[in-house]
Amino acid sequence: MYQSKSFIPTLKEEPAEAQIPSHRLMLRAGLVRQVAAGVFSWLPLGFRVLKKIINLLREEIDAIGGQEFFLPALNPVEIWEQTGRAEAMGDVMFHIKNREGLVLAPTHEEIITYHARQHVKSYRDMPQIWYQVQTKFRNEPRPKSGVIRGRQFYMKDSYSLDENFDGLDISYQKHFEAYKRIFDRCHIKYFVVGASSGAMGGRQSQEFMVESESGEDTCAVSDSGYAANIEVASSALEPAKRLADNPEIEKFATPNAKTINDLIEQFGIPEERCAKSVVYMADDSPVLIFMRGNDELNESKLSGVLGTNNFRPAESIELVKYTGADHGSIGPINLKTKFKLIADNLLENANGLVSGANIDGFHYKNIDFSRDCSIDEFHDLRTVHAGEPCPVNGSPIRVAKAIELGHIFKLGTKYSEALGAKFLDANGKENPIVMGSYGIGVERIMACFIEQNHDESGVIWRQPISPFDVHIIPLGLNKSAEVGEIADKIYKDMSDSGFEVLYDDRNESPGVKFNDADLIGIPYQIIVGMKNIKNGNIEIKSRDSGERDIVPIDAIADYFK
RNA sequence: CGGGGCGUAGCGCAGCCCGGUUAGCGCGUCUGGUUUGGGACCAGAAGGCCGGAGGUUCGAAUCCUCUCGCCCCGACCA
């Protein structure tokens with residue numbers, strides 16, 4: 001492609017709005033332009049890369065038996081109401097204003113299930129893997145980091161349909177392997193974590209993560225290979241040991257102790273003997289949760305335990321109403337009303353505990369969770385922190401921020417049941433289709449690649465996602481007709497041989513051309529200048545290593561073999 | 001949605017506190033010329049309702065009120 005005729009608006013200066021390297025370089029190299037917060041236009045050069053990534057995705061999903069669909073972005077809201085996600089999505093879903101009943105699809109489980117319901121009626125029709133690479137719309141409260149978090153973005157989404165969970169396991173595993181191939185082929189350094197399935201529903205899920213300061217997810221990783229999203233991560237901390245001395249409970253005045261730290265400082269109570277009380281309202285019912293000492297309650301885990309996303313910390317009025325005391329003095333003994341009590345695993349069967357007396361300004365000590373009160377359930381509820389031992393072999397956990405590139409879910413039957421997608425099994429019995437859902441953020445692949453493959457000068461593309469294979473850079477076109485003739489011939493020969501060639505035929509000074517070439521970042525620069533052609537040579541520079549080879553003009557084809 | 005910052009030429013910015021001629025600078029763009037192995041130089045030129053709406057004032061980019069947009073932190077994140 002002739003660069004003089006191409007629209008590749010490179011920027012010499014840093015755009016003010018871009019904070020992270022990938023965003024800055026995508027703007028500077030002329031890949032994208034922002035139109036509104038979280039909304040971007042892809043310019044020709046950037047779109048070339050996007051198309052290459054999409055083609056690679058198609059190859060790998062086709063290879064596991066995927067069949068590509070093209071699904072509507074406009075969806076009837078009814079179908080989203082049937083699965084309960086119209087409400088669950090809330091403001092995240094765009095609603096069409098001048099055509100009641102239509103929404104912009106933030107994802108496509110509903111539509112896929114709708115088609116499955118229509119036509120997948122027998123176990124003989126399965127397994128199926130259906131996918132699409134399309135624009136999704138999400139009204140993100142805060143778009144950020146360039147294309148990493150937009151309101152409109154490409155997603156490769158595939159969905160598996162199976163007759164049972166064994167089949168789902170196979171479909172899931174196929175995707176797991178395909179995803180590894182995809183990210184490997186894109187030269188992205190990633191790791192896989194166990195994840196929460198959140199409002200998607202389902203049982204197992206894993207995320208493909210790229211470690212980055214710009215990441216929005218937090219992960220716990222350790223040298224043992226343990227890796228989990230902080231939402232589900234656990235550590236191998238020992239529970240509080242039972243004390244041999246187990247006296248009766250005793251009320252004591254704690255007028256100035258509102259927090260666990262106050263108790264520790266004012267009364268010398270060891271942190272692990274404090275049972276911190278936290279009250280949440282879940283679907284309008286109170287739940288009292290006990291955490292060890294200053295352990296942080298993990299709301300993702302709590303959500304799983306409560307089975308709802310509709311919960312919040314209780315307010316003071318509610319605290320007094322249900323427990324008899326305000327925050328700082330709440331505990332398991334002497335509660336004003338009876339309601340559900342749950343506790344973190346680290347407190348299971350613990351004794352010698354200090355907790356609120358449900359009278360403002362008083363606590364009990366010597367509480368034995370087995371003897372003095374009845375805890376309904378124990379669960380892992382705490383948020384892990386750096387340095388804690390990992391569950392695999394106890395090596396220390398590191399906490400890292402990461403960008404979520406892909407997410408694979410075992411959905412199960414949530415959507416098929418909600419929408420009535422049922423089939424007859426070999427015994428003639430009706431069952432809901434067992435589904436999986438597997439997403440990849442297409443723009444995020446590009447952004448993460450650039451985050452990991454750039455230098456001071458610009459992007460450093462690698463195949464197979466580079467926008468071009470080679471960049472021909474003739475120097476001194478005005479001064480020497482010969483340079484132009486040789487460059488023309490190289491351009492023609494390489495194009496004819498199937499190379500994708502960007503040809504900088506512009507009448508610019510060498511500095512401009514070199515800087516643009518490094519910024520755009522095509523893997524090889526073929527530099528045609530008088531210095532070398534008088535000896536029958538050209539120069540080939542590797543963008544990645546910076547190494548330069550002097551190559552005879554007629555040996556260029558061999559060079560790239 | 002809370003907190004903070006910013007809207008002045010295509011891009012990056014100054015001017016604003018302390019109101020007062022034709023609103024500046026750098027880059028880019030256009031014309032002519034000189035240059036051509038790492039963003040070169042000279043001369044000339046075009047380009048702005050100072051985000052928008054009200055107000056205060058003899059006079060507003062500048063002061064006040066309200067709005068809209070963008071960025072950052074937090075909340076949120078299928």
# chains A, B, ... in the order shown; residues from 1 in each chain; ligands from 1
>>> select_by_dssp(residues="stretch 255-381 of chain A", states="strand (DSSP E)", output="PyMOL selection string")
chain A and resi 275-282+285-292+311-313+340-344+353-356+362-367+377-379
>>> interface_residues(of="chain A", to="chain B", cutoff="10 Å", atoms="only C-alpha atoms (C1' of nucleotides)", output="PDB file with N, CA and C atoms, in the first residue's frame")
ATOM      1  N   LEU A  11       0.837  11.010  15.181  1.00  0.00           N
ATOM      2  CA  LEU A  11       0.954  12.215  16.005  1.00  0.00           C
ATOM      3  C   LEU A  11       2.351  12.280  16.607  1.00  0.00           C
ATOM      4  N   LYS A  12       2.934  13.458  16.486  1.00  0.00           N
ATOM      5  CA  LYS A  12       4.248  13.652  17.075  1.00  0.00           C
ATOM      6  C   LYS A  12       4.125  13.883  18.577  1.00  0.00           C
ATOM      7  N   GLU A  13       3.059  14.565  18.966  1.00  0.00           N
ATOM      8  CA  GLU A  13       2.914  14.907  20.379  1.00  0.00           C
ATOM      9  C   GLU A  13       1.983  13.942  21.099  1.00  0.00           C
ATOM     10  N   GLU A  14       2.172  13.849  22.406  1.00  0.00           N
ATOM     11  CA  GLU A  14       1.358  12.946  23.217  1.00  0.00           C
ATOM     12  C   GLU A  14      -0.051  13.504  23.353  1.00  0.00           C
ATOM     13  N   PRO A  15      -1.052  12.724  23.017  1.00  0.00           N
ATOM     14  CA  PRO A  15      -2.428  13.171  23.262  1.00  0.00           C
ATOM     15  C   PRO A  15      -2.659  13.292  24.769  1.00  0.00           C
ATOM     16  N   ALA A  16      -3.323  14.362  25.173  1.00  0.00           N
ATOM     17  CA  ALA A  16      -3.461  14.628  26.601  1.00  0.00           C
ATOM     18  C   ALA A  16      -4.338  13.606  27.312  1.00  0.00           C
ATOM     19  N   GLU A  17      -5.328  13.065  26.628  1.00  0.00           N
ATOM     20  CA  GLU A  17      -6.301  12.243  27.344  1.00  0.00           C
ATOM     21  C   GLU A  17      -5.809  10.825  27.605  1.00  0.00           C
ATOM     22  N   ALA A  18      -4.739  10.425  26.940  1.00  0.00           N
ATOM     23  CA  ALA A  18      -4.308   9.041  27.075  1.00  0.00           C
ATOM     24  C   ALA A  18      -3.340   8.884  28.232  1.00  0.00           C
ATOM     25  N   GLN A  19      -3.619   7.915  29.087  1.00  0.00           N
ATOM     26  CA  GLN A  19      -2.794   7.709  30.275  1.00  0.00           C
ATOM     27  C   GLN A  19      -1.861   6.521  30.119  1.00  0.00           C
ATOM     28  N   ALA A  36     -16.313   9.616  21.670  1.00  0.00           N
ATOM     29  CA  ALA A  36     -16.956  10.008  22.928  1.00  0.00           C
ATOM     30  C   ALA A  36     -16.341   9.117  23.995  1.00  0.00           C
ATOM     31  N   ALA A  37     -16.685   9.351  25.248  1.00  0.00           N
ATOM     32  CA  ALA A  37     -16.104   8.541  26.309  1.00  0.00           C
ATOM     33  C   ALA A  37     -16.442   7.069  26.070  1.00  0.00           C
ATOM     34  N   ARG A  85     -32.223 -10.873  33.712  1.00  0.00           N
ATOM     35  CA  ARG A  85     -31.024 -10.055  33.570  1.00  0.00           C
ATOM     36  C   ARG A  85     -31.314  -8.611  33.200  1.00  0.00           C
ATOM     37  N   ALA A  88     -30.933  -7.436  36.517  1.00  0.00           N
ATOM     38  CA  ALA A  88     -29.586  -7.651  37.038  1.00  0.00           C
ATOM     39  C   ALA A  88     -28.578  -6.708  36.372  1.00  0.00           C
ATOM     40  N   MET A  89     -28.750  -6.481  35.091  1.00  0.00           N
ATOM     41  CA  MET A  89     -27.842  -5.597  34.358  1.00  0.00           C
ATOM     42  C   MET A  89     -28.043  -4.147  34.774  1.00  0.00           C
ATOM     43  N   VAL A  92     -26.390  -0.891  33.185  1.00  0.00           N
ATOM     44  CA  VAL A  92     -25.330  -1.299  32.264  1.00  0.00           C
ATOM     45  C   VAL A  92     -25.892  -1.543  30.863  1.00  0.00           C
ATOM     46  N   MET A  93     -27.159  -1.944  30.817  1.00  0.00           N
ATOM     47  CA  MET A  93     -27.771  -2.200  29.519  1.00  0.00           C
ATOM     48  C   MET A  93     -28.377  -0.913  28.967  1.00  0.00           C
ATOM     49  N   PRO A 106     -25.803  -6.388  25.564  1.00  0.00           N
ATOM     50  CA  PRO A 106     -24.480  -6.327  26.193  1.00  0.00           C
ATOM     51  C   PRO A 106     -23.733  -7.655  26.060  1.00  0.00           C
ATOM     52  N   THR A 107     -24.437  -8.698  25.665  1.00  0.00           N
ATOM     53  CA  THR A 107     -23.885 -10.036  25.444  1.00  0.00           C
ATOM     54  C   THR A 107     -25.032 -10.844  24.840  1.00  0.00           C
ATOM     55  N   ARG A 138     -22.291  -1.760  26.315  1.00  0.00           N
ATOM     56  CA  ARG A 138     -22.476  -1.710  27.761  1.00  0.00           C
ATOM     57  C   ARG A 138     -22.286  -0.290  28.247  1.00  0.00           C
ATOM     58  N   GLU A 140     -21.041   1.438  30.494  1.00  0.00           N
ATOM     59  CA  GLU A 140     -20.090   1.431  31.592  1.00  0.00           C
ATOM     60  C   GLU A 140     -20.178   2.741  32.365  1.00  0.00           C
ATOM     61  N   PRO A 141     -20.224   2.644  33.694  1.00  0.00           N
ATOM     62  CA  PRO A 141     -20.274   3.884  34.481  1.00  0.00           C
ATOM     63  C   PRO A 141     -19.028   4.734  34.243  1.00  0.00           C
ATOM     64  N   ARG A 142     -17.916   4.074  34.065  1.00  0.00           N
ATOM     65  CA  ARG A 142     -16.709   4.864  33.850  1.00  0.00           C
ATOM     66  C   ARG A 142     -15.795   4.199  32.833  1.00  0.00           C
ATOM     67  N   LYS A 144     -12.576   3.732  30.601  1.00  0.00           N
ATOM     68  CA  LYS A 144     -11.220   4.174  30.903  1.00  0.00           C
ATOM     69  C   LYS A 144     -10.200   3.362  30.124  1.00  0.00           C
ATOM     70  N   ARG A 149     -11.649  -0.392  28.225  1.00  0.00           N
ATOM     71  CA  ARG A 149     -12.979  -0.385  28.806  1.00  0.00           C
ATOM     72  C   ARG A 149     -13.851   0.624  28.087  1.00  0.00           C
ATOM     73  N   SER A 197     -18.319 -16.465  38.945  1.00  0.00           N
ATOM     74  CA  SER A 197     -19.176 -16.347  37.776  1.00  0.00           C
ATOM     75  C   SER A 197     -20.159 -15.195  37.904  1.00  0.00           C
ATOM     76  N   GLY A 198     -20.210 -14.583  39.072  1.00  0.00           N
ATOM     77  CA  GLY A 198     -20.986 -13.371  39.256  1.00  0.00           C
ATOM     78  C   GLY A 198     -22.418 -13.516  38.805  1.00  0.00           C
ATOM     79  N   ALA A 199     -22.928 -12.450  38.199  1.00  0.00           N
ATOM     80  CA  ALA A 199     -24.331 -12.434  37.799  1.00  0.00           C
ATOM     81  C   ALA A 199     -24.595 -13.284  36.570  1.00  0.00           C
ATOM     82  N   MET A 200     -23.521 -13.856  35.972  1.00  0.00           N
ATOM     83  CA  MET A 200     -23.718 -14.701  34.812  1.00  0.00           C
ATOM     84  C   MET A 200     -24.396 -16.006  35.210  1.00  0.00           C
ATOM     85  N   GLY A 201     -24.233 -16.386  36.443  1.00  0.00           N
ATOM     86  CA  GLY A 201     -24.757 -17.672  36.876  1.00  0.00           C
ATOM     87  C   GLY A 201     -23.774 -18.765  36.515  1.00  0.00           C
ATOM     88  N   GLU A 216      -8.228  -3.952  36.000  1.00  0.00           N
ATOM     89  CA  GLU A 216      -9.356  -3.642  36.862  1.00  0.00           C
ATOM     90  C   GLU A 216      -9.665  -4.793  37.785  1.00  0.00           C
ATOM     91  N   ASP A 217      -9.011  -5.926  37.527  1.00  0.00           N
ATOM     92  CA  ASP A 217      -9.214  -7.073  38.396  1.00  0.00           C
ATOM     93  C   ASP A 217      -7.989  -7.238  39.283  1.00  0.00           C
ATOM     94  N   LEU A 475      14.857   6.436   0.704  1.00  0.00           N
ATOM     95  CA  LEU A 475      15.372   7.718   1.216  1.00  0.00           C
ATOM     96  C   LEU A 475      15.905   8.564   0.055  1.00  0.00           C
ATOM     97  N   GLY A 476      15.647   9.839   0.104  1.00  0.00           N
ATOM     98  CA  GLY A 476      16.177  10.741  -0.920  1.00  0.00           C
ATOM     99  C   GLY A 476      15.550  10.521  -2.282  1.00  0.00           C
ATOM    100  N   LEU A 477      14.240  10.402  -2.303  1.00  0.00           N
ATOM    101  CA  LEU A 477      13.532  10.165  -3.566  1.00  0.00           C
ATOM    102  C   LEU A 477      13.779  11.292  -4.568  1.00  0.00           C
ATOM    103  N   ASN A 478      13.916  12.509  -4.056  1.00  0.00           N
ATOM    104  CA  ASN A 478      14.124  13.657  -4.936  1.00  0.00           C
ATOM    105  C   ASN A 478      15.501  13.632  -5.590  1.00  0.00           C
ATOM    106  N   LYS A 479      16.434  13.131  -4.800  1.00  0.00           N
ATOM    107  CA  LYS A 479      17.823  13.228  -5.208  1.00  0.00           C
ATOM    108  C   LYS A 479      18.189  12.173  -6.239  1.00  0.00           C
ATOM    109  N   ASN A 507       7.362  12.042   0.001  1.00  0.00           N
ATOM    110  CA  ASN A 507       8.542  12.866  -0.176  1.00  0.00           C
ATOM    111  C   ASN A 507       8.897  13.544   1.147  1.00  0.00           C
ATOM    112  N   GLU A 508       9.232  12.702   2.134  1.00  0.00           N
ATOM    113  CA  GLU A 508       9.557  13.221   3.459  1.00  0.00           C
ATOM    114  C   GLU A 508      11.043  13.018   3.732  1.00  0.00           C
ATOM    115  N   SER A 509      11.529  13.745   4.724  1.00  0.00           N
ATOM    116  CA  SER A 509      12.935  13.585   5.095  1.00  0.00           C
ATOM    117  C   SER A 509      13.122  12.245   5.809  1.00  0.00           C
ATOM    118  N   PRO A 510      14.340  11.722   5.789  1.00  0.00           N
ATOM    119  CA  PRO A 510      14.594  10.413   6.410  1.00  0.00           C
ATOM    120  C   PRO A 510      14.146  10.368   7.868  1.00  0.00           C
ATOM    121  N   GLY A 511      14.398  11.434   8.602  1.00  0.00           N
ATOM    122  CA  GLY A 511      14.019  11.440  10.016  1.00  0.00           C
ATOM    123  C   GLY A 511      12.537  11.206  10.212  1.00  0.00           C
ATOM    124  N   VAL A 512      11.744  11.894   9.396  1.00  0.00           N
ATOM    125  CA  VAL A 512      10.295  11.741   9.497  1.00  0.00           C
ATOM    126  C   VAL A 512       9.899  10.301   9.200  1.00  0.00           C
ATOM    127  N   LYS A 513      10.473   9.758   8.138  1.00  0.00           N
ATOM    128  CA  LYS A 513      10.114   8.390   7.755  1.00  0.00           C
ATOM    129  C   LYS A 513      10.522   7.370   8.816  1.00  0.00           C
ATOM    130  N   PHE A 514      11.727   7.504   9.312  1.00  0.00           N
ATOM    131  CA  PHE A 514      12.194   6.553  10.324  1.00  0.00           C
ATOM    132  C   PHE A 514      11.337   6.626  11.580  1.00  0.00           C
ATOM    133  N   ASN A 515      11.039   7.832  12.000  1.00  0.00           N
ATOM    134  CA  ASN A 515      10.253   7.970  13.225  1.00  0.00           C
ATOM    135  C   ASN A 515       8.842   7.436  13.057  1.00  0.00           C
ATOM    136  N   ASP A 516       8.242   7.726  11.907  1.00  0.00           N
ATOM    137  CA  ASP A 516       6.910   7.174  11.648  1.00  0.00           C
ATOM    138  C   ASP A 516       6.952   5.650  11.586  1.00  0.00           C
ATOM    139  N   ILE A 527      15.095  -0.530   4.040  1.00  0.00           N
ATOM    140  CA  ILE A 527      15.543   0.836   3.831  1.00  0.00           C
ATOM    141  C   ILE A 527      16.352   0.904   2.537  1.00  0.00           C
ATOM    142  N   VAL A 528      15.848   1.710   1.604  1.00  0.00           N
ATOM    143  CA  VAL A 528      16.479   1.825   0.291  1.00  0.00           C
ATOM    144  C   VAL A 528      17.116   3.212   0.187  1.00  0.00           C
ATOM    145  N   GLY A 529      18.452   3.263   0.195  1.00  0.00           N
ATOM    146  CA  GLY A 529      19.138   4.548   0.111  1.00  0.00           C
ATOM    147  C   GLY A 529      20.377   4.448  -0.746  1.00  0.00           C
ATOM    148  N   MET A 530      20.841   5.593  -1.193  1.00  0.00           N
ATOM    149  CA  MET A 530      22.016   5.630  -2.070  1.00  0.00           C
ATOM    150  C   MET A 530      23.215   4.930  -1.434  1.00  0.00           C
ATOM    151  N   LYS A 531      23.321   5.111  -0.113  1.00  0.00           N
ATOM    152  CA  LYS A 531      24.467   4.577   0.596  1.00  0.00           C
ATOM    153  C   LYS A 531      24.699   3.105   0.256  1.00  0.00           C
TER     154      LYS A 531
END
>>> residues_around(residues="B:G47", least_positions_apart="4", cutoff="12 Å", atoms="only C-alpha atoms (C1' of nucleotides)", output="MDAnalysis selection string")
chainID B and resid 9:10 28:30
>>> write_last_selection(atoms="all heavy atoms", output="compact mmCIF listing (two decimals), in the first residue's frame")
# COMPACT_ATOMS: atom_id res chain seq x y z
P A B 9 -8.75 26.00 20.45
OP1 A B 9 -9.67 24.86 20.25
OP2 A B 9 -7.44 25.79 21.10
O5' A B 9 -8.48 26.69 19.04
C5' A B 9 -9.50 26.68 18.04
C4' A B 9 -8.86 26.37 16.70
O4' A B 9 -8.05 27.50 16.32
C3' A B 9 -7.94 25.16 16.71
O3' A B 9 -8.01 24.48 15.46
C2' A B 9 -6.57 25.74 16.86
O2' A B 9 -5.56 24.97 16.27
C1' A B 9 -6.72 27.05 16.11
N9 A B 9 -5.80 28.11 16.53
C8 A B 9 -4.84 28.09 17.50
N7 A B 9 -4.15 29.19 17.61
C5 A B 9 -4.71 30.02 16.64
C6 A B 9 -4.45 31.33 16.23
N6 A B 9 -3.51 32.08 16.78
N1 A B 9 -5.20 31.85 15.24
C2 A B 9 -6.14 31.10 14.69
N3 A B 9 -6.50 29.85 14.98
C4 A B 9 -5.74 29.36 15.97
P G B 10 -9.34 23.74 15.04
OP1 G B 10 -9.92 24.52 13.95
OP2 G B 10 -10.15 23.45 16.26
O5' G B 10 -8.78 22.40 14.42
C5' G B 10 -9.43 21.17 14.59
C4' G B 10 -8.43 20.06 14.43
O4' G B 10 -7.52 20.41 13.36
C3' G B 10 -7.53 19.86 15.64
O3' G B 10 -8.11 18.94 16.54
C2' G B 10 -6.24 19.34 15.03
O2' G B 10 -6.34 17.96 14.74
C1' G B 10 -6.19 20.11 13.72
N9 G B 10 -5.45 21.38 13.83
C8 G B 10 -5.93 22.63 13.57
N7 G B 10 -5.05 23.56 13.74
C5 G B 10 -3.90 22.89 14.14
C6 G B 10 -2.62 23.38 14.47
O6 G B 10 -2.22 24.55 14.48
N1 G B 10 -1.75 22.37 14.83
C2 G B 10 -2.08 21.04 14.87
N2 G B 10 -1.12 20.21 15.23
N3 G B 10 -3.28 20.56 14.56
C4 G B 10 -4.14 21.54 14.20
P G B 28 6.29 20.72 12.41
OP1 G B 28 7.15 19.70 11.80
OP2 G B 28 6.53 22.15 12.14
O5' G B 28 4.77 20.39 12.03
C5' G B 28 4.30 19.05 12.01
C4' G B 28 2.80 19.03 11.79
O4' G B 28 2.16 19.86 12.79
C3' G B 28 2.32 19.63 10.47
O3' G B 28 2.40 18.68 9.42
C2' G B 28 0.89 20.00 10.80
O2' G B 28 0.05 18.85 10.83
C1' G B 28 1.04 20.52 12.23
N9 G B 28 1.29 21.97 12.24
C8 G B 28 2.45 22.62 12.54
N7 G B 28 2.35 23.92 12.45
C5 G B 28 1.05 24.14 12.05
C6 G B 28 0.35 25.34 11.79
O6 G B 28 0.78 26.50 11.86
N1 G B 28 -0.97 25.12 11.41
C2 G B 28 -1.54 23.87 11.31
N2 G B 28 -2.82 23.85 10.92
N3 G B 28 -0.91 22.74 11.55
C4 G B 28 0.37 22.95 11.92
P U B 29 2.71 19.18 7.94
OP1 U B 29 2.75 17.97 7.09
OP2 U B 29 3.86 20.11 7.96
O5' U B 29 1.42 20.03 7.58
C5' U B 29 0.14 19.40 7.44
C4' U B 29 -0.89 20.42 7.04
O4' U B 29 -1.04 21.40 8.09
C3' U B 29 -0.50 21.26 5.83
O3' U B 29 -0.79 20.59 4.61
C2' U B 29 -1.38 22.50 6.01
O2' U B 29 -2.71 22.24 5.65
C1' U B 29 -1.30 22.68 7.53
N1 U B 29 -0.24 23.61 7.95
C2 U B 29 -0.46 24.98 7.80
O2 U B 29 -1.48 25.43 7.33
N3 U B 29 0.56 25.79 8.22
C4 U B 29 1.76 25.37 8.77
O4 U B 29 2.58 26.23 9.11
C5 U B 29 1.92 23.95 8.88
C6 U B 29 0.94 23.14 8.47
P C B 30 0.22 20.70 3.39
OP1 C B 30 -0.19 19.66 2.42
OP2 C B 30 1.61 20.75 3.87
O5' C B 30 -0.15 22.13 2.80
C5' C B 30 -1.44 22.37 2.28
C4' C B 30 -1.55 23.83 1.88
O4' C B 30 -1.50 24.65 3.08
C3' C B 30 -0.40 24.35 1.03
O3' C B 30 -0.54 24.03 -0.33
C2' C B 30 -0.48 25.85 1.30
O2' C B 30 -1.54 26.43 0.57
C1' C B 30 -0.84 25.86 2.78
N1 C B 30 0.35 25.97 3.66
C2 C B 30 0.92 27.24 3.84
O2 C B 30 0.41 28.20 3.24
N3 C B 30 2.00 27.37 4.65
C4 C B 30 2.50 26.31 5.26
N4 C B 30 3.55 26.49 6.05
C5 C B 30 1.94 25.00 5.10
C6 C B 30 0.88 24.88 4.29
>>> residues_around(residues="A:Asp157", least_positions_apart="3", cutoff="6 Å", atoms="only C-alpha atoms (C1' of nucleotides)", output="PyMOL selection string")
chain A and resi 131-132+438-439
>>> write_last_selection(atoms="N, CA, C and O atoms", output="PDB file, in the first residue's frame")
ATOM      1  N   TYR A 131     -20.889 -19.398  17.798  1.00  0.00           N
ATOM      2  CA  TYR A 131     -20.153 -18.201  18.225  1.00  0.00           C
ATOM      3  C   TYR A 131     -20.423 -17.029  17.299  1.00  0.00           C
ATOM      4  O   TYR A 131     -21.020 -17.169  16.225  1.00  0.00           O
ATOM      5  N   GLN A 132     -19.953 -15.891  17.748  1.00  0.00           N
ATOM      6  CA  GLN A 132     -20.103 -14.650  16.992  1.00  0.00           C
ATOM      7  C   GLN A 132     -18.939 -13.738  17.350  1.00  0.00           C
ATOM      8  O   GLN A 132     -18.374 -13.859  18.436  1.00  0.00           O
ATOM      9  N   TYR A 438     -18.303 -18.426  26.546  1.00  0.00           N
ATOM     10  CA  TYR A 438     -16.851 -18.228  26.458  1.00  0.00           C
ATOM     11  C   TYR A 438     -16.561 -16.930  25.710  1.00  0.00           C
ATOM     12  O   TYR A 438     -16.799 -16.852  24.505  1.00  0.00           O
ATOM     13  N   GLY A 439     -16.077 -15.923  26.398  1.00  0.00           N
ATOM     14  CA  GLY A 439     -15.900 -14.609  25.772  1.00  0.00           C
ATOM     15  C   GLY A 439     -14.447 -14.170  25.703  1.00  0.00           C
ATOM     16  O   GLY A 439     -13.635 -14.528  26.555  1.00  0.00           O
TER      17      GLY A 439
END
>>> atom_distance(atom1="atom CA of A:Glu500", atom2="atom CA of A:Arg444")
24.1 Å
>>> closest_residue(among="A:Arg181, A:Ile486, A:Gln152, A:Ala517", to="A:Gly38", atoms="only C-alpha atoms")
A:Gln152
>>> residues_around(residues="stretch 55-62 of chain B", least_positions_apart="3", cutoff="9 Å", atoms="only C-alpha atoms (C1' of nucleotides)", output="VMD selection string")
chain B and resid 8 15 to 16 19 to 20 23 50 65
>>> closest_residue(among="A:Asp184, A:Asp380, A:Asp223, A:Glu78", to="A:Ile289", atoms="only C-alpha atoms")
A:Asp380
>>> residues_around(residues="stretch 501-504 of chain A", least_positions_apart="6", cutoff="6 Å", atoms="only C-alpha atoms (C1' of nucleotides)", output="list in words")
Met1, Tyr2, Gln3, Phe468, Asp469, Val470, His471, Ile472 and Ile473 of chain A
>>> decode(residues="stretch 222-231 of chain A", atoms="N, CA, C and O atoms", output="PDB file, in the first residue's frame")
ATOM      1  N   SER A 222       0.682 -17.278  43.178  1.00  0.00           N
ATOM      2  CA  SER A 222       1.876 -17.684  43.932  1.00  0.00           C
ATOM      3  C   SER A 222       2.760 -18.561  43.070  1.00  0.00           C
ATOM      4  O   SER A 222       2.345 -19.043  42.023  1.00  0.00           O
ATOM      5  N   ASP A 223       3.991 -18.760  43.538  1.00  0.00           N
ATOM      6  CA  ASP A 223       4.969 -19.519  42.765  1.00  0.00           C
ATOM      7  C   ASP A 223       4.541 -20.966  42.544  1.00  0.00           C
ATOM      8  O   ASP A 223       5.037 -21.636  41.650  1.00  0.00           O
ATOM      9  N   SER A 224       3.632 -21.435  43.350  1.00  0.00           N
ATOM     10  CA  SER A 224       3.181 -22.822  43.207  1.00  0.00           C
ATOM     11  C   SER A 224       2.344 -22.994  41.943  1.00  0.00           C
ATOM     12  O   SER A 224       2.028 -24.105  41.563  1.00  0.00           O
ATOM     13  N   GLY A 225       1.964 -21.877  41.320  1.00  0.00           N
ATOM     14  CA  GLY A 225       1.064 -21.960  40.184  1.00  0.00           C
ATOM     15  C   GLY A 225      -0.360 -21.614  40.579  1.00  0.00           C
ATOM     16  O   GLY A 225      -1.244 -21.507  39.740  1.00  0.00           O
ATOM     17  N   TYR A 226      -0.573 -21.431  41.880  1.00  0.00           N
ATOM     18  CA  TYR A 226      -1.910 -21.022  42.315  1.00  0.00           C
ATOM     19  C   TYR A 226      -2.234 -19.643  41.746  1.00  0.00           C
ATOM     20  O   TYR A 226      -1.403 -18.737  41.769  1.00  0.00           O
ATOM     21  N   ALA A 227      -3.411 -19.484  41.191  1.00  0.00           N
ATOM     22  CA  ALA A 227      -3.830 -18.192  40.652  1.00  0.00           C
ATOM     23  C   ALA A 227      -5.339 -18.115  40.726  1.00  0.00           C
ATOM     24  O   ALA A 227      -6.043 -18.989  40.230  1.00  0.00           O
ATOM     25  N   ALA A 228      -5.828 -17.081  41.353  1.00  0.00           N
ATOM     26  CA  ALA A 228      -7.277 -16.931  41.479  1.00  0.00           C
ATOM     27  C   ALA A 228      -7.631 -15.462  41.540  1.00  0.00           C
ATOM     28  O   ALA A 228      -6.877 -14.645  42.067  1.00  0.00           O
ATOM     29  N   ASN A 229      -8.779 -15.155  40.985  1.00  0.00           N
ATOM     30  CA  ASN A 229      -9.301 -13.807  41.157  1.00  0.00           C
ATOM     31  C   ASN A 229      -9.525 -13.580  42.652  1.00  0.00           C
ATOM     32  O   ASN A 229      -9.951 -14.485  43.368  1.00  0.00           O
ATOM     33  N   ILE A 230      -9.221 -12.363  43.090  1.00  0.00           N
ATOM     34  CA  ILE A 230      -9.342 -12.065  44.515  1.00  0.00           C
ATOM     35  C   ILE A 230     -10.776 -12.313  44.999  1.00  0.00           C
ATOM     36  O   ILE A 230     -11.011 -12.583  46.175  1.00  0.00           O
ATOM     37  N   GLU A 231     -11.723 -12.259  44.058  1.00  0.00           N
ATOM     38  CA  GLU A 231     -13.130 -12.489  44.413  1.00  0.00           C
ATOM     39  C   GLU A 231     -13.356 -13.888  44.962  1.00  0.00           C
ATOM     40  O   GLU A 231     -14.308 -14.116  45.712  1.00  0.00           O
TER      41      GLU A 231
END
